[in-house]
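All remarks here apply to the structure that follows.
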Amino acid sequence: MATPLPPPPPPPLYPVPINPITSTTEPWPSPSHLAAATRTHRQGAFAISSRKLPISKAGPIEALERDVGIPIPEMIFGDNLVGVTHLPTGWRVEFNARDALDGVGKTGENMLRVAYAGEWSASREQTSAGIREVVRPFDWSYSTTYKGTDTASEKTNGSSDGGGSGGGRRWDFAPTTQPIPIELLKRRDPIRFFDDVMLYESELDDNGISVLSVKLRVHDERMLLLCRLYMRLDNVLCRIRDTRIYVDFLSEVVTREYVVKEASFNDVKQKLFISGVRPDGITVALRDANAIAAILPTIEQTLESVSLGAEAR
């Protein structure tokens, strides 16, 4: 006679949690999770870091809305970042969603409008739980002027034991005429580190798209970072705002280029058609930020650099 199977164990008194987060307001990720999710690559005197995590939860979104004072895009990656640090001086430039959203216009002065922009903005204010009062008009296209968050570290001249003149030195970007060497970047040098990090995205209530992302690639002697805002407001405007950070690891010079490109939506469609894009392919082309950037006219451009090499210290 077969031995009967033992009875199943009784169910647990409390459900076994699958997700360690028990509340939408619980702080997550924890510092240990943030550290584990951060990738860092050392090249020369620089440390390049990136972090990619899921879309922010309700609690952090509400806190961010209170902090920056505007409704938050539908897709916000509040824990993502890209940073470049010069280790000898502590100088750093970083790209993150919070500071980028803080660069969005909050007065409505340059706010773009569609036929029902007022209705859209009002609905966003009503559904943003983190903002309990009437929100001031803001640039609902999320066209930030963000160029990165740079820390111009102050270093004291003289020895570490307190000797020397005691003077200080700040490492700030200053205007330059030396452009980013595009030809060097076209070389097929080995890529030592690469990442593509999303900071935020909005579909502008089905009126287009506004997306901010950061790409970077590191080679043996140089690196290039591109923070790009691509905003397309259907039947109104196409806009590109690019911030490029170029680092020469040999000279330890960092160059920052900021470029603004834009044109009317109809002008962009016409240029695509003239370039050979078929009418049924224009909709697809309008989703390609690289294709649009190639045909948009430049309306603003600035060039800055900072020298961090030993001779400058």
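Letters A, B, ... go to the chains of the structure tokens in the order shown; residues in each chain start at 1; ligands are counted from 1 in the same order.
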
**Report entry** Test item: residues at most 12 Å from Lys52 in chain A, only C-alpha atoms, excluding those fewer than 5 positions along its chain, as a list of chain:residue names
**Finding:**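 Final neighbour list, sorted by chain and number: A:Pro29, A:His33, A:Leu34, A:Ala35, A:Ala36, A:Ala37, A:Thr38, A:Arg39, A:Ile76, A:Phe77, A:Gly78, A:Asp79, A:Asn80, A:Leu81, A:Val82, A:Asn96, A:Ala97, A:Asp195, A:Asp196, A:Val197, A:Met198, A:Leu199, A:Tyr200, A:Ser213, A:Val214, A:Lys215.
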
Store the residues of this selection in a file with C-alpha atoms, as a PDB file, in the first residue's frame.
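What ended up in part-v9.pdb:
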ATOM      1  CA  PRO A  29      15.766  53.098  -4.507  1.00  0.00           C
ATOM      2  CA  HIS A  33      20.375  50.317  -4.742  1.00  0.00           C
ATOM      3  CA  LEU A  34      21.570  53.581  -6.331  1.00  0.00           C
ATOM      4  CA  ALA A  35      25.195  52.627  -5.798  1.00  0.00           C
ATOM      5  CA  ALA A  36      24.637  49.148  -7.252  1.00  0.00           C
ATOM      6  CA  ALA A  37      22.892  50.582 -10.332  1.00  0.00           C
ATOM      7  CA  THR A  38      25.646  53.120 -11.058  1.00  0.00           C
ATOM      8  CA  ARG A  39      28.287  52.133 -13.622  1.00  0.00           C
ATOM      9  CA  ILE A  76      10.135  60.682 -15.625  1.00  0.00           C
ATOM     10  CA  PHE A  77      13.319  58.830 -14.723  1.00  0.00           C
ATOM     11  CA  GLY A  78      14.222  60.749 -11.606  1.00  0.00           C
ATOM     12  CA  ASP A  79      17.036  58.431 -10.501  1.00  0.00           C
ATOM     13  CA  ASN A  80      18.858  58.342 -13.829  1.00  0.00           C
ATOM     14  CA  LEU A  81      22.019  60.348 -14.364  1.00  0.00           C
ATOM     15  CA  VAL A  82      25.204  60.740 -16.340  1.00  0.00           C
ATOM     16  CA  ASN A  96      19.804  64.565 -14.288  1.00  0.00           C
ATOM     17  CA  ALA A  97      16.040  64.925 -14.691  1.00  0.00           C
ATOM     18  CA  ASP A 195      25.515  54.347 -22.513  1.00  0.00           C
ATOM     19  CA  ASP A 196      22.169  55.821 -23.566  1.00  0.00           C
ATOM     20  CA  VAL A 197      20.175  57.231 -20.643  1.00  0.00           C
ATOM     21  CA  MET A 198      16.616  58.586 -20.724  1.00  0.00           C
ATOM     22  CA  LEU A 199      15.746  61.476 -18.401  1.00  0.00           C
ATOM     23  CA  TYR A 200      12.138  62.259 -19.351  1.00  0.00           C
ATOM     24  CA  SER A 213      18.128  61.809 -23.207  1.00  0.00           C
ATOM     25  CA  VAL A 214      21.886  61.527 -22.811  1.00  0.00           C
ATOM     26  CA  LYS A 215      24.272  59.435 -24.876  1.00  0.00           C
TER      27      LYS A 215
END

Could you go through range 42-291 of chain A and tell me which residues DSSP, when run on the backbone, assigns to strand (DSSP E or B), listing them as a tab-separated table (two decimals) with N, CA, C and O atoms, in the first residue's frame?
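The resulting file, selection04.tsv, is shown below:
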chain	number	residue	atom	x	y	z
A	42	ARG	N	36.77	54.54	-15.45
A	42	ARG	CA	37.90	55.45	-15.24
A	42	ARG	C	38.71	55.54	-16.52
A	42	ARG	O	39.12	54.53	-17.08
A	43	GLN	N	38.92	56.76	-17.00
A	43	GLN	CA	39.75	56.99	-18.18
A	43	GLN	C	40.63	58.20	-17.90
A	43	GLN	O	40.14	59.32	-17.77
A	46	PHE	N	39.80	61.14	-15.36
A	46	PHE	CA	38.36	61.33	-15.29
A	46	PHE	C	37.64	60.04	-14.90
A	46	PHE	O	38.07	58.93	-15.28
A	47	ALA	N	36.52	60.20	-14.20
A	47	ALA	CA	35.61	59.10	-13.91
A	47	ALA	C	34.28	59.42	-14.56
A	47	ALA	O	33.71	60.50	-14.34
A	48	ILE	N	33.80	58.51	-15.40
A	48	ILE	CA	32.55	58.70	-16.12
A	48	ILE	C	31.52	57.73	-15.55
A	48	ILE	O	31.76	56.51	-15.51
A	49	SER	N	30.38	58.24	-15.10
A	49	SER	CA	29.36	57.42	-14.45
A	49	SER	C	28.03	57.55	-15.15
A	49	SER	O	27.70	58.59	-15.71
A	50	SER	N	27.25	56.47	-15.10
A	50	SER	CA	25.88	56.50	-15.63
A	50	SER	C	25.01	55.59	-14.78
A	50	SER	O	25.49	54.63	-14.19
A	51	ARG	N	23.72	55.93	-14.74
A	51	ARG	CA	22.78	55.12	-13.97
A	51	ARG	C	21.44	55.11	-14.70
A	51	ARG	O	20.93	56.16	-15.10
A	75	MET	N	6.51	60.34	-18.40
A	75	MET	CA	7.60	59.40	-18.13
A	75	MET	C	8.78	60.17	-17.57
A	75	MET	O	9.41	60.95	-18.28
A	76	ILE	N	9.04	59.97	-16.29
A	76	ILE	CA	10.14	60.68	-15.62
A	76	ILE	C	11.05	59.67	-14.96
A	76	ILE	O	10.59	58.80	-14.21
A	81	LEU	N	21.05	59.27	-14.25
A	81	LEU	CA	22.02	60.35	-14.36
A	81	LEU	C	23.20	59.92	-15.21
A	81	LEU	O	23.45	58.72	-15.40
A	82	VAL	N	23.91	60.92	-15.69
A	82	VAL	CA	25.20	60.74	-16.34
A	82	VAL	C	26.12	61.82	-15.77
A	82	VAL	O	25.72	62.98	-15.67
A	83	GLY	N	27.31	61.42	-15.36
A	83	GLY	CA	28.23	62.39	-14.77
A	83	GLY	C	29.65	62.18	-15.23
A	83	GLY	O	30.06	61.05	-15.51
A	84	VAL	N	30.40	63.28	-15.32
A	84	VAL	CA	31.82	63.25	-15.66
A	84	VAL	C	32.57	64.02	-14.58
A	84	VAL	O	32.28	65.21	-14.35
A	85	THR	N	33.49	63.35	-13.90
A	85	THR	CA	34.22	63.96	-12.78
A	85	THR	C	35.71	63.96	-13.08
A	85	THR	O	36.28	62.94	-13.48
A	86	HIS	N	36.35	65.13	-12.84
A	86	HIS	CA	37.81	65.22	-12.92
A	86	HIS	C	38.35	64.96	-11.53
A	86	HIS	O	38.17	65.75	-10.61
A	92	ARG	N	33.09	68.64	-11.76
A	92	ARG	CA	32.14	67.65	-12.24
A	92	ARG	C	31.04	68.31	-13.06
A	92	ARG	O	30.61	69.44	-12.74
A	93	VAL	N	30.60	67.62	-14.09
A	93	VAL	CA	29.39	68.01	-14.81
A	93	VAL	C	28.46	66.80	-14.82
A	93	VAL	O	28.90	65.68	-15.06
A	94	GLU	N	27.18	67.05	-14.53
A	94	GLU	CA	26.21	65.96	-14.39
A	94	GLU	C	24.92	66.33	-15.11
A	94	GLU	O	24.56	67.51	-15.22
A	95	PHE	N	24.23	65.30	-15.59
A	95	PHE	CA	22.93	65.48	-16.25
A	95	PHE	C	21.91	64.62	-15.52
A	95	PHE	O	22.08	63.41	-15.41
A	96	ASN	N	20.85	65.28	-15.01
A	96	ASN	CA	19.80	64.56	-14.29
A	96	ASN	C	18.46	65.21	-14.58
A	96	ASN	O	18.38	66.36	-15.03
A	149	THR	N	24.58	70.20	-15.05
A	149	THR	CA	24.85	70.77	-13.73
A	149	THR	C	26.33	70.65	-13.47
A	149	THR	O	26.84	69.55	-13.23
A	150	ASP	N	27.06	71.76	-13.55
A	150	ASP	CA	28.50	71.68	-13.38
A	150	ASP	C	28.90	72.23	-12.02
A	150	ASP	O	28.39	73.24	-11.54
A	151	THR	N	29.82	71.52	-11.39
A	151	THR	CA	30.35	71.89	-10.09
A	151	THR	C	31.74	72.45	-10.30
A	151	THR	O	32.68	71.72	-10.58
A	154	GLU	N	36.31	74.43	-5.96
A	154	GLU	CA	37.36	75.36	-5.54
A	154	GLU	C	38.49	74.57	-4.90
A	154	GLU	O	38.29	73.75	-4.03
A	155	LYS	N	39.69	74.85	-5.38
A	155	LYS	CA	40.88	74.21	-4.82
A	155	LYS	C	41.79	75.28	-4.24
A	155	LYS	O	41.95	76.36	-4.80
A	156	THR	N	42.41	74.98	-3.11
A	156	THR	CA	43.31	75.92	-2.48
A	156	THR	C	44.72	75.68	-2.96
A	156	THR	O	45.22	74.56	-2.94
A	168	GLY	N	42.66	80.63	-3.83
A	168	GLY	CA	41.74	79.63	-4.35
A	168	GLY	C	41.63	79.71	-5.85
A	168	GLY	O	41.95	80.72	-6.46
A	169	ARG	N	41.12	78.65	-6.44
A	169	ARG	CA	40.96	78.60	-7.88
A	169	ARG	C	39.65	77.89	-8.19
A	169	ARG	O	39.40	76.80	-7.70
A	170	ARG	N	38.80	78.54	-8.99
A	170	ARG	CA	37.55	77.93	-9.43
A	170	ARG	C	37.69	77.45	-10.86
A	170	ARG	O	38.31	78.13	-11.69
A	174	ALA	N	34.47	78.86	-19.66
A	174	ALA	CA	34.66	80.21	-20.21
A	174	ALA	C	34.56	80.13	-21.72
A	174	ALA	O	34.85	79.09	-22.33
A	175	PRO	N	34.12	81.22	-22.38
A	175	PRO	CA	33.99	81.19	-23.85
A	175	PRO	C	35.30	80.81	-24.53
A	175	PRO	O	36.39	81.17	-24.08
A	193	PHE	N	33.60	52.68	-23.22
A	193	PHE	CA	32.42	52.81	-22.37
A	193	PHE	C	31.34	53.51	-23.18
A	193	PHE	O	31.62	54.47	-23.90
A	194	PHE	N	30.09	53.02	-23.06
A	194	PHE	CA	28.98	53.60	-23.82
A	194	PHE	C	27.71	53.47	-22.99
A	194	PHE	O	27.52	52.49	-22.26
A	195	ASP	N	26.83	54.47	-23.12
A	195	ASP	CA	25.51	54.35	-22.51
A	195	ASP	C	24.55	55.31	-23.19
A	195	ASP	O	24.96	56.28	-23.83
A	196	ASP	N	23.26	55.02	-23.03
A	196	ASP	CA	22.17	55.82	-23.57
A	196	ASP	C	21.12	55.90	-22.46
A	196	ASP	O	20.49	54.90	-22.13
A	197	VAL	N	20.96	57.08	-21.86
A	197	VAL	CA	20.18	57.23	-20.64
A	197	VAL	C	19.02	58.19	-20.89
A	197	VAL	O	19.22	59.33	-21.34
A	198	MET	N	17.81	57.75	-20.60
A	198	MET	CA	16.62	58.59	-20.72
A	198	MET	C	16.39	59.36	-19.44
A	198	MET	O	16.50	58.81	-18.34
A	199	LEU	N	16.06	60.66	-19.57
A	199	LEU	CA	15.75	61.48	-18.40
A	199	LEU	C	14.25	61.75	-18.29
A	199	LEU	O	13.69	61.63	-17.21
A	200	TYR	N	13.60	62.14	-19.38
A	200	TYR	CA	12.14	62.26	-19.35
A	200	TYR	C	11.58	62.23	-20.76
A	200	TYR	O	12.29	62.45	-21.74
A	201	GLU	N	10.27	61.95	-20.83
A	201	GLU	CA	9.57	61.92	-22.12
A	201	GLU	C	8.10	62.27	-21.90
A	201	GLU	O	7.49	61.85	-20.91
A	202	SER	N	7.56	63.07	-22.79
A	202	SER	CA	6.14	63.41	-22.76
A	202	SER	C	5.60	63.36	-24.18
A	202	SER	O	6.27	63.79	-25.13
A	208	GLY	N	2.32	65.52	-29.89
A	208	GLY	CA	3.69	65.43	-30.38
A	208	GLY	C	4.54	64.65	-29.41
A	208	GLY	O	4.12	63.66	-28.82
A	209	ILE	N	5.76	65.14	-29.20
A	209	ILE	CA	6.67	64.47	-28.29
A	209	ILE	C	7.70	65.46	-27.79
A	209	ILE	O	8.09	66.40	-28.49
A	210	SER	N	8.13	65.26	-26.55
A	210	SER	CA	9.25	66.00	-25.99
A	210	SER	C	10.07	65.00	-25.19
A	210	SER	O	9.57	64.41	-24.24
A	211	VAL	N	11.30	64.79	-25.59
A	211	VAL	CA	12.13	63.76	-24.96
A	211	VAL	C	13.52	64.31	-24.71
A	211	VAL	O	14.10	64.99	-25.55
A	212	LEU	N	14.04	64.03	-23.51
A	212	LEU	CA	15.40	64.44	-23.14
A	212	LEU	C	16.19	63.19	-22.78
A	212	LEU	O	15.78	62.42	-21.89
A	213	SER	N	17.30	62.99	-23.45
A	213	SER	CA	18.13	61.81	-23.21
A	213	SER	C	19.60	62.19	-23.32
A	213	SER	O	19.95	63.25	-23.85
A	214	VAL	N	20.44	61.30	-22.81
A	214	VAL	CA	21.89	61.53	-22.81
A	214	VAL	C	22.58	60.29	-23.36
A	214	VAL	O	22.32	59.17	-22.91
A	215	LYS	N	23.44	60.51	-24.34
A	215	LYS	CA	24.27	59.44	-24.88
A	215	LYS	C	25.74	59.81	-24.67
A	215	LYS	O	26.10	60.98	-24.75
A	216	LEU	N	26.56	58.80	-24.43
A	216	LEU	CA	27.99	59.07	-24.31
A	216	LEU	C	28.79	57.88	-24.81
A	216	LEU	O	28.32	56.74	-24.76
A	217	ARG	N	29.94	58.19	-25.32
A	217	ARG	CA	30.88	57.14	-25.71
A	217	ARG	C	32.29	57.60	-25.34
A	217	ARG	O	32.65	58.76	-25.53
A	218	VAL	N	33.07	56.66	-24.81
A	218	VAL	CA	34.41	56.96	-24.31
A	218	VAL	C	35.42	56.16	-25.10
A	218	VAL	O	35.29	54.94	-25.26
A	222	ARG	N	39.74	60.36	-25.86
A	222	ARG	CA	38.70	61.39	-25.86
A	222	ARG	C	37.34	60.77	-25.59
A	222	ARG	O	37.18	59.55	-25.69
A	223	MET	N	36.37	61.60	-25.28
A	223	MET	CA	35.00	61.15	-25.11
A	223	MET	C	34.05	62.24	-25.59
A	223	MET	O	34.40	63.42	-25.64
A	224	LEU	N	32.84	61.82	-25.93
A	224	LEU	CA	31.80	62.75	-26.34
A	224	LEU	C	30.50	62.37	-25.64
A	224	LEU	O	30.11	61.20	-25.63
A	225	LEU	N	29.86	63.37	-25.07
A	225	LEU	CA	28.54	63.21	-24.45
A	225	LEU	C	27.56	64.13	-25.18
A	225	LEU	O	27.89	65.28	-25.47
A	226	LEU	N	26.39	63.61	-25.49
A	226	LEU	CA	25.34	64.41	-26.12
A	226	LEU	C	24.07	64.34	-25.29
A	226	LEU	O	23.48	63.27	-25.12
A	227	CYS	N	23.65	65.48	-24.76
A	227	CYS	CA	22.35	65.60	-24.09
A	227	CYS	C	21.43	66.31	-25.08
A	227	CYS	O	21.66	67.47	-25.43
A	228	ARG	N	20.40	65.61	-25.52
A	228	ARG	CA	19.54	66.15	-26.58
A	228	ARG	C	18.08	66.24	-26.13
A	228	ARG	O	17.50	65.27	-25.64
A	229	LEU	N	17.52	67.43	-26.31
A	229	LEU	CA	16.09	67.62	-26.22
A	229	LEU	C	15.53	67.63	-27.64
A	229	LEU	O	15.97	68.43	-28.46
A	230	TYR	N	14.59	66.74	-27.90
A	230	TYR	CA	13.86	66.76	-29.17
A	230	TYR	C	12.40	67.00	-28.87
A	230	TYR	O	11.76	66.22	-28.17
A	231	MET	N	11.89	68.11	-29.39
A	231	MET	CA	10.49	68.46	-29.17
A	231	MET	C	9.81	68.67	-30.53
A	231	MET	O	10.29	69.42	-31.36
A	232	ARG	N	8.72	67.94	-30.72
A	232	ARG	CA	7.91	68.09	-31.93
A	232	ARG	C	6.48	68.37	-31.51
A	232	ARG	O	5.84	67.54	-30.86
A	233	LEU	N	6.00	69.56	-31.81
A	233	LEU	CA	4.62	69.92	-31.56
A	233	LEU	C	3.90	69.90	-32.89
A	233	LEU	O	4.13	70.75	-33.75
A	237	LEU	N	5.70	73.20	-34.53
A	237	LEU	CA	7.13	73.45	-34.45
A	237	LEU	C	7.91	72.16	-34.22
A	237	LEU	O	7.41	71.23	-33.58
A	238	CYS	N	9.15	72.13	-34.74
A	238	CYS	CA	10.13	71.10	-34.39
A	238	CYS	C	11.34	71.80	-33.79
A	238	CYS	O	11.80	72.82	-34.33
A	239	ARG	N	11.88	71.24	-32.71
A	239	ARG	CA	12.96	71.93	-31.98
A	239	ARG	C	13.98	70.91	-31.49
A	239	ARG	O	13.63	69.83	-31.01
A	240	ILE	N	15.24	71.27	-31.61
A	240	ILE	CA	16.36	70.49	-31.08
A	240	ILE	C	17.19	71.41	-30.19
A	240	ILE	O	17.52	72.53	-30.58
A	241	ARG	N	17.53	70.93	-28.99
A	241	ARG	CA	18.48	71.64	-28.14
A	241	ARG	C	19.54	70.64	-27.71
A	241	ARG	O	19.25	69.72	-26.93
A	242	ASP	N	20.74	70.81	-28.23
A	242	ASP	CA	21.84	69.86	-28.00
A	242	ASP	C	22.90	70.47	-27.10
A	242	ASP	O	23.35	71.61	-27.32
A	243	THR	N	23.32	69.71	-26.11
A	243	THR	CA	24.50	70.05	-25.32
A	243	THR	C	25.52	68.94	-25.52
A	243	THR	O	25.24	67.77	-25.22
A	244	ARG	N	26.68	69.31	-26.03
A	244	ARG	CA	27.76	68.34	-26.23
A	244	ARG	C	28.89	68.64	-25.26
A	244	ARG	O	29.32	69.79	-25.14
A	245	ILE	N	29.36	67.60	-24.60
A	245	ILE	CA	30.53	67.68	-23.73
A	245	ILE	C	31.62	66.84	-24.35
A	245	ILE	O	31.47	65.62	-24.51
A	246	TYR	N	32.73	67.50	-24.70
A	246	TYR	CA	33.87	66.80	-25.29
A	246	TYR	C	35.03	66.88	-24.31
A	246	TYR	O	35.36	67.97	-23.81
A	247	VAL	N	35.64	65.72	-24.01
A	247	VAL	CA	36.76	65.67	-23.08
A	247	VAL	C	37.98	65.13	-23.81
A	247	VAL	O	37.92	64.05	-24.41
A	248	ASP	N	39.06	65.89	-23.76
A	248	ASP	CA	40.36	65.42	-24.25
A	248	ASP	C	41.12	64.89	-23.03
A	248	ASP	O	41.52	65.67	-22.16
A	253	VAL	N	41.27	69.03	-21.12
A	253	VAL	CA	40.42	70.17	-21.47
A	253	VAL	C	39.02	69.64	-21.77
A	253	VAL	O	38.86	68.66	-22.51
A	254	VAL	N	38.00	70.29	-21.19
A	254	VAL	CA	36.60	69.92	-21.40
A	254	VAL	C	35.93	71.05	-22.19
A	254	VAL	O	36.00	72.22	-21.79
A	255	THR	N	35.29	70.69	-23.29
A	255	THR	CA	34.60	71.66	-24.13
A	255	THR	C	33.10	71.39	-24.09
A	255	THR	O	32.67	70.24	-24.17
A	256	ARG	N	32.33	72.46	-23.96
A	256	ARG	CA	30.87	72.34	-23.98
A	256	ARG	C	30.29	73.20	-25.10
A	256	ARG	O	30.54	74.40	-25.16
A	257	GLU	N	29.53	72.55	-25.96
A	257	GLU	CA	28.86	73.23	-27.07
A	257	GLU	C	27.36	73.12	-26.88
A	257	GLU	O	26.83	72.04	-26.63
A	258	TYR	N	26.66	74.25	-27.01
A	258	TYR	CA	25.20	74.28	-26.88
A	258	TYR	C	24.63	74.82	-28.18
A	258	TYR	O	25.01	75.91	-28.63
A	259	VAL	N	23.74	74.05	-28.79
A	259	VAL	CA	23.17	74.40	-30.09
A	259	VAL	C	21.66	74.30	-30.03
A	259	VAL	O	21.12	73.31	-29.54
A	260	VAL	N	20.99	75.34	-30.52
A	260	VAL	CA	19.53	75.34	-30.62
A	260	VAL	C	19.15	75.38	-32.09
A	260	VAL	O	19.63	76.23	-32.84
A	261	LYS	N	18.29	74.44	-32.49
A	261	LYS	CA	17.79	74.39	-33.87
A	261	LYS	C	16.28	74.29	-33.82
A	261	LYS	O	15.74	73.56	-33.00
A	262	GLU	N	15.60	75.01	-34.72
A	262	GLU	CA	14.15	74.85	-34.79
A	262	GLU	C	13.62	75.43	-36.09
A	262	GLU	O	14.26	76.26	-36.74
A	263	ALA	N	12.44	74.97	-36.45
A	263	ALA	CA	11.73	75.45	-37.64
A	263	ALA	C	10.27	75.07	-37.50
A	263	ALA	O	9.91	74.20	-36.69
A	264	SER	N	9.44	75.71	-38.29
A	264	SER	CA	8.01	75.39	-38.25
A	264	SER	C	7.78	73.95	-38.72
A	264	SER	O	8.57	73.39	-39.49

Requested in this report: Mind checking which residues fall within 8 Å of Ala45 in chain A, counting only C-alpha atoms, ignoring those fewer than 5 positions away in the same chain, and posting them as a ChimeraX atom specification?
Outcome: /A:86-88,249,252

Restricting the output to C-alpha atoms, write the selected residues as a tab-separated table (two decimals), in the first residue's frame.
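Heads up, here's the output in part-v9.tsv:
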chain	number	residue	atom	x	y	z
A	86	HIS	CA	37.81	65.22	-12.92
A	87	LEU	CA	39.35	63.35	-10.02
A	88	PRO	CA	42.35	65.61	-9.21
A	249	PHE	CA	41.93	62.99	-21.78
A	252	GLU	CA	42.38	67.45	-19.68

Requested in this report: Go through A:Ser251, A:Ala310, A:Asp234, A:Glu183 one by one, measure the shortest atom-to-atom distance of each to Arg287 in chain A using only C-alpha atoms, and give the residue with the smallest value.
Outcome: A:Asp234

Query - Near-range 269-275 of chain A list (10 Å; only C-alpha atoms; drop same-chain fewer than 4 positions) as number ranges by chain - result: A: 235, 238, 264-265, 279, 281-283, 285-286, 291-292, 295-296

Report task. Have a look at CA of Gly103 in chain A and CA of Thr144 in chain A and let me know their distance in Å, one decimal. Result ->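 Going from CA of Gly103 in chain A over to CA of Thr144 in chain A, I get 4.9 Å.
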